[in-house]
Structure formats: structure tokens, C-alpha cells
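Please read the structure below before turning to the comments.
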Amino acid sequence: MEKRYFTIGMAGHIDHGKTSLTKALTNVDTDRLKEEKERQISIELGFAPLYEDDEIQISVIDVPGHERFIRQMIAGVAGIDLVVLVVAADEGVMPQTREHLDILKFLGVKNGLVAISKIDRVDEEFIELVKDDIFEELTGTVFEDAPFVLVDSLSNKGINEIKELIIQTLKDQEMRDVKGAFRLPIDQVFTVKGQGTVVRGTVYEGSVEEGQPLKIMPKGLEVRARQIQVHHKPAEKAYAGQRTAINLSNVSKEDLERGAVLVSSEHFIVTKTLDVAIRMVEDLEHLVKQRMPIKLHIGTAEVMGRIVFFDRNEIKEENGEVLCQLRLEEEILTKRGDRFILRRPSPQETIGGGWVIDPRGNKYRFGNDTIEELEKKKAGTPKERITAALIEAKSLPLNELIKRTALDEATLMEHLADAEFVLYNGKERTLQLLIESLEEDIFDRLQDYHLAHSMKPGVNKAELLQTMQKRFPKSLLDYVVENGIANGIFKRKEQFVSLAGFVPNVPKSWAKRTENMLEELKSDGLMVRYLKDYFSGAGIPETLEFDLKRFLEDQELLVQLDDQFAYHGEVFNGAVDKLRSQTGTEFEVGDAKDVLGLSRKYMIPFLEKLDAKGFTKRVENKRVWKL
């Protein structure tokens, strides 16, 4: 089963119980700093493991609620998959609650639930009033239809309920892309005695493994992942959605800072000029003016710059999406689609946020022509629109592609002729890159399975595809398997799928003992002992018996008569040939006894095995040869 990794965030006003709720859920106190303990507020990001099973792993970020620490909040929430908005029952929605809601909206967080905390401090009637207040405030936000859970972290009321809700919500959610290039925005840098420099962050996309060469951008420092930890435990790999700490070689703590990005690819763009689409907060306290200073929060980076408009000189109130440009004082690493927050340096306040249209912005003239060009960039080229739609949906029929791309059929068909788009099942389109990625994924799964179960003919196809069907259409997965079989990458025997070059085999560590066991069984001919005695005599453990018996039967080296007795394959076939040659078209039990000299305890199972294998058919007291 493919394991998935998620990080959730606790957000809300100061002293509304985010850290206490995190502790109640995880048994971890995320307030680590002395100053945090003394002032009873979170200053830095706090992290804790929430839940893990064979299918899913969930971590928690407790982000600060105090307005002075809003930059840490932005850094924390930028990499999360679900937000728990914490609102205290005795206070209701407060200023930082609203600011956090704005930030979540601008960062494109789509999944959330509401925890009404400290319920033991108020009566039920007051809780209903708080609910109404929260519901009104959340209308039009990501939390508009989010479930409410009543909790109290001191008495543990509602803790099990909210934990189960978080787990179930994420089990139904698709995880981040683990196939893309690795990217980890760094939010903490420290040193460990005897180990050197360690960075920590949430893996945005891709995966990383021990020993892998990496780069720290935007400086371009070349490093290597010496060791990896997830929740203070060593790990060979870390995946998208996981909180991870990576011990880096060839770099000192002084060379790094929060906001740098650890990557595995040079395809990411380092830039100081971004074409962007932004929205402003609904209640701007001050005008947003042409070329005014702004502070950009993107990933974990915090960079000063200026905002440049091309169709206006100021914004007085929120009026939809605005296409403009950000010109920064320092280089950052980003790509199209990345989300960000804009804040005013003085007086400090969140003014808006949005997403990157093009990380390689140029200098443009003021006027509608530039806005039209930015609109085209925002929409993307026809090929970009098709690719984006297929990346999101994995596969689509033509009519759905027309809807999602807003392209006419003629334009769409012209671009779908490119080799990077694949038609399968006569009606569905997908990406060649996606097929190759799935093929590679299935190849890796089969390879791992063969290593762990070398005696089995392969994986049951339904079992192989079961976990993948949560993320990909079954029709696409079926196509990839059948296409792989046609191209000689995979093969199928009955319902089992395996790598084309795989041949079932006994593990090397047991091969000699198995060979000795078979020789002893063969030498005993038709007068065999209990099969389990042969296994124990050869020193083969009981845990291996079931798979080994099935393998030997598949290879026709062993024929089980019943639960107790078995013949070597050559001995059984020899007995069949002897019996056939010395009987006519039919025979009785007594005839078989005379030919083979077997007692009843062997004879009856032997004859029933002849029936089961289709050599004979029982007719009253006789058996008739069929083959």
C-alpha cells in the first residue's frame, strides 16, 4: 500500500488554545523556547507527530497567533494540507482570526475544519452564540462548509472526535506530488554537535534520499543529504508533505538562513521580478499605491520589494484580481503557480496575496496592452491549459477538456495531435509523461514485491492497483498495465502481474535446503512421510512453508495429495504413466493397488488428485482415463 504524508496547521488568534490543542492531540508541547514558556505564546513554529499507520502519516504545525509573529505563521501555513482554525468559545472571532483567514485564502488552502476550544469555560447557550458568530465570519471562506468540533484541551472533551475527523479527511485527500523535483523551503537552521549543519522544513514536492546531491538556492551552494530524520527518527527518504530535518555536508550554519530553498533540480527559477495575480484584503486601512514598498512572503522567504501596476496608480478597496508585478530587492526561488502573501512594512498589515503567473517578469509599458499580455500569460498557452487540466484530472474525455480549457474543438484537436498527449480507450486523453511516471511507479512496486516475495508469480492485479486508484482513474491504470505488457515491460499469468524478466525463485538463503528436501522426498518414492517432516528435517521454518509449497507446486516439483502427504513431481508423473500403461481405458481401486502397491492412506488421495488434475473421471466405482 502506498503511504501518504500530510502536514496540518493550527491557526487562530493568540491564546485561543492552539498549542494546548496540539498537545492534547499529540502529547507534545510545541512551545520550546524559554521566552515562549514565560510569555505563554508561540513565537516560533512548533511541530509534532499526530498519527501514523501503514497508509498515512500526519504531522502538526502550531503556528503563532500574535500579530508580531505573523511571518512565522505564513511560513508555517504555506506548506500544509489541512488547517484547523481554533476559535476560543469565551472570545469568538478576533482580529488575528480574521487575518489568518485572509492569509489562508490567499495561500489557496482548500481544506479545513473549525475547533471551538475552551468549551468548559462557557455554558451551552453561549456556545451557540459563538457558533453563529463564527459561521457568519466564515461565509465566503474555505471554512464556509467546514465541520465544527467542540473541544476542551484540559478535560480532553472532543479530542478523539477531532483527531478521527482529521485522519478521515486526509485519508480521502490526495497527497502532494512525490514524482516531481524535490523542493524544501528552509524554515529552521541549526547545528548538532558532531554532525554539523541541519536544516528543517516541510517538503513541498518530490522526495529526497540519503546521500543525494542537492543545491541550496538562491545562492547555488552544492551540498549532500548526509542524514535524514522525520520526527527525530532516522529515515532513508523523505516525501512531499513530511516535516523533515536534513543533515547537510559542505555547508556551515552561517551560510544559510530561513527562506533559502533546498532543491534537487536546476529547473527551478531564481528571480527578482515576478508577474503576479493578486487580490487585496476586503477592508484595506490604507491605500495601496503604485511602486509602494511591500514585504513578500513566499514559502519561508521574506523579501522586500515594490509593487508595480500597469493599469492604475492605487487601490482604494478590494476589487477582484489585479494583474501586476513585484520587483524584489533580493533573489528568490519560485515557479508558476506558487502562492504568496503581501504585507505592508509600515504600518505592518496584510494587504493581499495571490499566485505567480510568470517568475521571469520583464519590464513592460504602462497600459492595457500590457494587461492583455498578462491575461494571456495567466491563462497560459493552449498547450499549457491542456497540460494543466490533465495534470489535475489525470485523464479526460474530449468534451470535458473543452470545458476545462475553454478552447474550441478545432484548436484543441490541433494541439492534442502532439505526442505528449495520448488517446487511450478510444475516448480518454492523458499525458505521455503521466503514463511514463505510472509505468515507473508500477515497475518499482513490482520490483519491491519480487524482492520480498520471490516465490510468488507476481501481484494480483486488483491488489497492485488498489491503492493507486485513490489518485488515478482505474481505466488509466489498466491502460498503463496493458500497454506495459504489450511493450514487454510487464507480463501477466492469470490474474498475476510481474516484471517481464522475473522468474519465480526460492530465496538464495533457502535454496540449498529446499534442494535437499526435494531430493529426500524423491528418494522416498511413493512411500512418503508427512510433508511437514521433510520441511522440518531440512531446517525450513514454518513461516516459509506455505509460500514454498505453492511455489514448488507451480513449478511442478511437488504434488500435494492432501494436507499431509505430497509426492515429488517426477515420482507422481512416473506413477501416473505406470498406472496408465498397465490399465485400459478404465480401472478400479484394486487395479491401481496391484499396479502401484500402495496402501489405502496413499491410494485414495492419489486417485482423488488424478481426478482434480483432470487425468481421470470417477464413474461409480471406476475411474475413466480422460487424457
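Chain identifiers are assigned as A, B, and so on, following the order in which chains appear in the C-alpha cells; residues are numbered from 1 within each chain, and ligands are numbered from 1 in order of appearance.
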
Neighbours of segment 583-593 of chain A within 8 Å (only C-alpha atoms; same-chain residues fewer than 4 positions away dropped), as a list in words? Leu579, Gly597, Leu598, Ser599, Met603, Asn621, Lys622, Arg623, Val624 and Trp625 of chain A

Contact residues around Thr26 of chain A with only C-alpha atoms at 7 Å, ignoring same-chain residues under 3 positions, as a compact mmCIF listing (two decimals) with N, CA and C atoms, in the first residue's frame:
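That gives us selection_20.txt:
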```
# COMPACT_ATOMS: atom_id res chain seq x y z
N THR A 22 -2.83 21.15 20.24
CA THR A 22 -1.78 20.33 19.65
C THR A 22 -1.24 19.33 20.67
N LYS A 23 -1.03 19.80 21.90
CA LYS A 23 -0.51 18.92 22.96
C LYS A 23 -1.52 17.83 23.30
N ALA A 48 4.86 18.56 15.70
CA ALA A 48 4.63 17.33 16.45
C ALA A 48 4.00 16.28 15.53
N PRO A 49 4.32 14.99 15.78
CA PRO A 49 3.65 13.92 15.03
C PRO A 49 2.26 13.68 15.59
N LEU A 50 1.25 13.59 14.72
CA LEU A 50 -0.13 13.41 15.18
C LEU A 50 -0.58 11.97 15.07
```

Please, which residues in segment 264-286 of chain A fall within 10 Å of segment 87-103 of chain A when counting only C-alpha atoms, and what is the closest atom pair and distance in Å to one decimal for each, ordered by chain then residue number, as a tab-separated table?
```
residue	atom	partner	partner_atom	distance
A:Met280	CA	A:Asp102	CA	9.2
A:Val281	CA	A:Asp102	CA	6.8
A:Glu282	CA	A:Asp102	CA	9.0
```

Selection: 10 Å around segment 119-127 of chain A, only C-alpha atoms, excl. self and same-chain fewer than 3 positions, as a count of residues only: 18

Which residues come within 10 Å of segment 162-175 of chain A, counting only C-alpha atoms, excluding same-chain residues fewer than 3 positions away, as a PyMOL selection string? chain A and resi 3-8+24-26+50-52+55-58+81-84+111-115+147-151+157-159+178+205+239-241+470-472

DSSP says helix (DSSP H, G or I) for which residues of segment 471-532 of chain A? Put them as number ranges by chain? A: 474-486, 508-523, 531-532

What is the distance, in Å and to one decimal place, between atom CA of Ile278 of chain A and atom CA of Pro359 of chain A? 14.2 Å

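Minimum atom-to-atom distances from A:Leu256, A:Ile604, A:Val203, A:Leu342 to Gln188 of chain A were compared using only C-alpha atoms, and the lowest value belongs to A:Leu256.
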
Long-range neighbours of Glu257 of chain A as number ranges by chain, 9 Å cut-off, only C-alpha atoms, 3 positions minimum in chain: A: 186-189, 253-254, 260

Write a file of the selected residues as a PDB file, in the first residue's frame, keeping C-alpha atoms.
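Below is the file out14.pdb, written as the result:
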```pdb
ATOM      1  CA  ILE A 186      14.004  26.002   4.859  1.00  0.00           C
ATOM      2  CA  ASP A 187      12.362  27.384   7.993  1.00  0.00           C
ATOM      3  CA  GLN A 188      14.970  26.382  10.589  1.00  0.00           C
ATOM      4  CA  VAL A 189      18.772  26.128  10.545  1.00  0.00           C
ATOM      5  CA  LYS A 253      25.133  27.357   9.530  1.00  0.00           C
ATOM      6  CA  GLU A 254      26.366  30.874   8.760  1.00  0.00           C
ATOM      7  CA  ALA A 260      16.574  29.548   1.395  1.00  0.00           C
TER       8      ALA A 260
END
```

Distance query segment 396-405 of chain A at most 12 Å, only C-alpha atoms, self and fewer than 4 positions along chain excluded, as a PDB file with N, CA and C atoms, in the first residue's frame:
```pdb
ATOM      1  N   ALA A 379      -3.721  32.903 -18.371  1.00  0.00           N
ATOM      2  CA  ALA A 379      -4.490  31.787 -18.921  1.00  0.00           C
ATOM      3  C   ALA A 379      -3.564  30.673 -19.396  1.00  0.00           C
ATOM      4  N   GLY A 380      -2.380  31.039 -19.891  1.00  0.00           N
ATOM      5  CA  GLY A 380      -1.443  30.066 -20.426  1.00  0.00           C
ATOM      6  C   GLY A 380      -1.697  29.803 -21.894  1.00  0.00           C
ATOM      7  N   THR A 381      -0.727  29.215 -22.570  1.00  0.00           N
ATOM      8  CA  THR A 381      -0.906  28.836 -23.963  1.00  0.00           C
ATOM      9  C   THR A 381      -1.893  27.670 -24.029  1.00  0.00           C
ATOM     10  N   PRO A 382      -2.456  27.388 -25.215  1.00  0.00           N
ATOM     11  CA  PRO A 382      -3.361  26.234 -25.319  1.00  0.00           C
ATOM     12  C   PRO A 382      -2.735  24.952 -24.779  1.00  0.00           C
ATOM     13  N   LYS A 383      -1.459  24.741 -25.103  1.00  0.00           N
ATOM     14  CA  LYS A 383      -0.793  23.529 -24.629  1.00  0.00           C
ATOM     15  C   LYS A 383      -0.679  23.532 -23.102  1.00  0.00           C
ATOM     16  N   GLU A 384      -0.371  24.686 -22.531  1.00  0.00           N
ATOM     17  CA  GLU A 384      -0.273  24.788 -21.072  1.00  0.00           C
ATOM     18  C   GLU A 384      -1.624  24.528 -20.415  1.00  0.00           C
ATOM     19  N   ARG A 385      -2.694  25.032 -21.035  1.00  0.00           N
ATOM     20  CA  ARG A 385      -4.031  24.809 -20.476  1.00  0.00           C
ATOM     21  C   ARG A 385      -4.394  23.321 -20.506  1.00  0.00           C
ATOM     22  N   ILE A 386      -4.109  22.673 -21.632  1.00  0.00           N
ATOM     23  CA  ILE A 386      -4.412  21.244 -21.755  1.00  0.00           C
ATOM     24  C   ILE A 386      -3.597  20.453 -20.732  1.00  0.00           C
ATOM     25  N   THR A 387      -2.315  20.782 -20.652  1.00  0.00           N
ATOM     26  CA  THR A 387      -1.436  20.076 -19.716  1.00  0.00           C
ATOM     27  C   THR A 387      -1.900  20.264 -18.282  1.00  0.00           C
ATOM     28  N   ALA A 388      -2.248  21.498 -17.926  1.00  0.00           N
ATOM     29  CA  ALA A 388      -2.698  21.783 -16.560  1.00  0.00           C
ATOM     30  C   ALA A 388      -3.972  21.003 -16.233  1.00  0.00           C
ATOM     31  N   ALA A 389      -4.906  20.944 -17.189  1.00  0.00           N
ATOM     32  CA  ALA A 389      -6.165  20.214 -16.966  1.00  0.00           C
ATOM     33  C   ALA A 389      -5.907  18.727 -16.771  1.00  0.00           C
ATOM     34  N   LEU A 390      -4.985  18.175 -17.561  1.00  0.00           N
ATOM     35  CA  LEU A 390      -4.704  16.739 -17.460  1.00  0.00           C
ATOM     36  C   LEU A 390      -3.870  16.410 -16.230  1.00  0.00           C
ATOM     37  N   ILE A 391      -3.022  17.326 -15.808  1.00  0.00           N
ATOM     38  CA  ILE A 391      -2.265  17.106 -14.569  1.00  0.00           C
ATOM     39  C   ILE A 391      -3.234  17.025 -13.395  1.00  0.00           C
ATOM     40  N   GLU A 392      -4.235  17.888 -13.412  1.00  0.00           N
ATOM     41  CA  GLU A 392      -5.198  17.920 -12.304  1.00  0.00           C
ATOM     42  C   GLU A 392      -6.127  16.707 -12.333  1.00  0.00           C
ATOM     43  N   GLU A 409     -12.998  23.211 -30.226  1.00  0.00           N
ATOM     44  CA  GLU A 409     -12.623  21.841 -30.558  1.00  0.00           C
ATOM     45  C   GLU A 409     -11.489  21.785 -31.586  1.00  0.00           C
ATOM     46  N   ALA A 410     -11.541  22.686 -32.588  1.00  0.00           N
ATOM     47  CA  ALA A 410     -10.514  22.670 -33.637  1.00  0.00           C
ATOM     48  C   ALA A 410      -9.129  22.950 -33.054  1.00  0.00           C
ATOM     49  N   THR A 411      -9.042  23.993 -32.194  1.00  0.00           N
ATOM     50  CA  THR A 411      -7.762  24.341 -31.555  1.00  0.00           C
ATOM     51  C   THR A 411      -7.287  23.206 -30.657  1.00  0.00           C
ATOM     52  N   LEU A 412      -8.242  22.645 -29.930  1.00  0.00           N
ATOM     53  CA  LEU A 412      -7.906  21.561 -29.013  1.00  0.00           C
ATOM     54  C   LEU A 412      -7.353  20.358 -29.769  1.00  0.00           C
ATOM     55  N   MET A 413      -8.031  19.943 -30.828  1.00  0.00           N
ATOM     56  CA  MET A 413      -7.603  18.774 -31.595  1.00  0.00           C
ATOM     57  C   MET A 413      -6.236  19.003 -32.243  1.00  0.00           C
ATOM     58  N   HIS A 415      -3.733  20.691 -31.037  1.00  0.00           N
ATOM     59  CA  HIS A 415      -2.672  20.517 -30.046  1.00  0.00           C
ATOM     60  C   HIS A 415      -2.639  19.103 -29.481  1.00  0.00           C
ATOM     61  N   LEU A 416      -3.787  18.431 -29.453  1.00  0.00           N
ATOM     62  CA  LEU A 416      -3.819  17.063 -28.949  1.00  0.00           C
ATOM     63  C   LEU A 416      -3.099  16.089 -29.876  1.00  0.00           C
ATOM     64  N   PHE A 421       0.518  14.135 -25.739  1.00  0.00           N
ATOM     65  CA  PHE A 421      -0.849  13.816 -25.330  1.00  0.00           C
ATOM     66  C   PHE A 421      -1.238  12.467 -25.930  1.00  0.00           C
ATOM     67  N   VAL A 422      -1.813  11.594 -25.111  1.00  0.00           N
ATOM     68  CA  VAL A 422      -2.101  10.222 -25.535  1.00  0.00           C
ATOM     69  C   VAL A 422      -3.600   9.948 -25.458  1.00  0.00           C
ATOM     70  N   LEU A 423      -4.127   9.374 -26.545  1.00  0.00           N
ATOM     71  CA  LEU A 423      -5.521   8.918 -26.572  1.00  0.00           C
ATOM     72  C   LEU A 423      -5.530   7.433 -26.217  1.00  0.00           C
ATOM     73  N   TYR A 424      -6.348   7.043 -25.238  1.00  0.00           N
ATOM     74  CA  TYR A 424      -6.476   5.628 -24.907  1.00  0.00           C
ATOM     75  C   TYR A 424      -7.950   5.291 -24.723  1.00  0.00           C
ATOM     76  N   ASN A 425      -8.263   4.018 -24.822  1.00  0.00           N
ATOM     77  CA  ASN A 425      -9.656   3.541 -24.737  1.00  0.00           C
ATOM     78  C   ASN A 425     -10.557   4.185 -25.786  1.00  0.00           C
ATOM     79  N   GLY A 426      -9.938   4.818 -26.782  1.00  0.00           N
ATOM     80  CA  GLY A 426     -10.715   5.415 -27.855  1.00  0.00           C
ATOM     81  C   GLY A 426     -11.398   6.716 -27.497  1.00  0.00           C
ATOM     82  N   LYS A 427     -11.294   7.151 -26.220  1.00  0.00           N
ATOM     83  CA  LYS A 427     -12.025   8.371 -25.844  1.00  0.00           C
ATOM     84  C   LYS A 427     -11.324   9.230 -24.790  1.00  0.00           C
ATOM     85  N   GLU A 428     -10.433   8.637 -23.994  1.00  0.00           N
ATOM     86  CA  GLU A 428      -9.796   9.387 -22.910  1.00  0.00           C
ATOM     87  C   GLU A 428      -8.426   9.902 -23.332  1.00  0.00           C
ATOM     88  N   ARG A 429      -8.120  11.148 -22.899  1.00  0.00           N
ATOM     89  CA  ARG A 429      -6.791  11.711 -23.134  1.00  0.00           C
ATOM     90  C   ARG A 429      -6.025  11.787 -21.820  1.00  0.00           C
ATOM     91  N   THR A 430      -4.717  11.567 -21.937  1.00  0.00           N
ATOM     92  CA  THR A 430      -3.838  11.728 -20.785  1.00  0.00           C
ATOM     93  C   THR A 430      -2.479  12.198 -21.284  1.00  0.00           C
ATOM     94  N   LEU A 431      -1.534  12.352 -20.363  1.00  0.00           N
ATOM     95  CA  LEU A 431      -0.198  12.834 -20.707  1.00  0.00           C
ATOM     96  C   LEU A 431       0.773  11.661 -20.829  1.00  0.00           C
ATOM     97  N   PHE A 472      -5.693   7.925  -9.228  1.00  0.00           N
ATOM     98  CA  PHE A 472      -5.752   7.835 -10.683  1.00  0.00           C
ATOM     99  C   PHE A 472      -6.959   7.015 -11.114  1.00  0.00           C
ATOM    100  N   PRO A 473      -7.561   7.363 -12.260  1.00  0.00           N
ATOM    101  CA  PRO A 473      -8.708   6.589 -12.749  1.00  0.00           C
ATOM    102  C   PRO A 473      -8.300   5.143 -13.038  1.00  0.00           C
ATOM    103  N   SER A 475      -9.385   3.200 -15.309  1.00  0.00           N
ATOM    104  CA  SER A 475      -9.203   2.982 -16.751  1.00  0.00           C
ATOM    105  C   SER A 475      -7.782   3.335 -17.187  1.00  0.00           C
ATOM    106  N   LEU A 476      -7.222   4.388 -16.598  1.00  0.00           N
ATOM    107  CA  LEU A 476      -5.856   4.794 -16.940  1.00  0.00           C
ATOM    108  C   LEU A 476      -4.847   3.775 -16.414  1.00  0.00           C
TER     109      LEU A 476
END
```
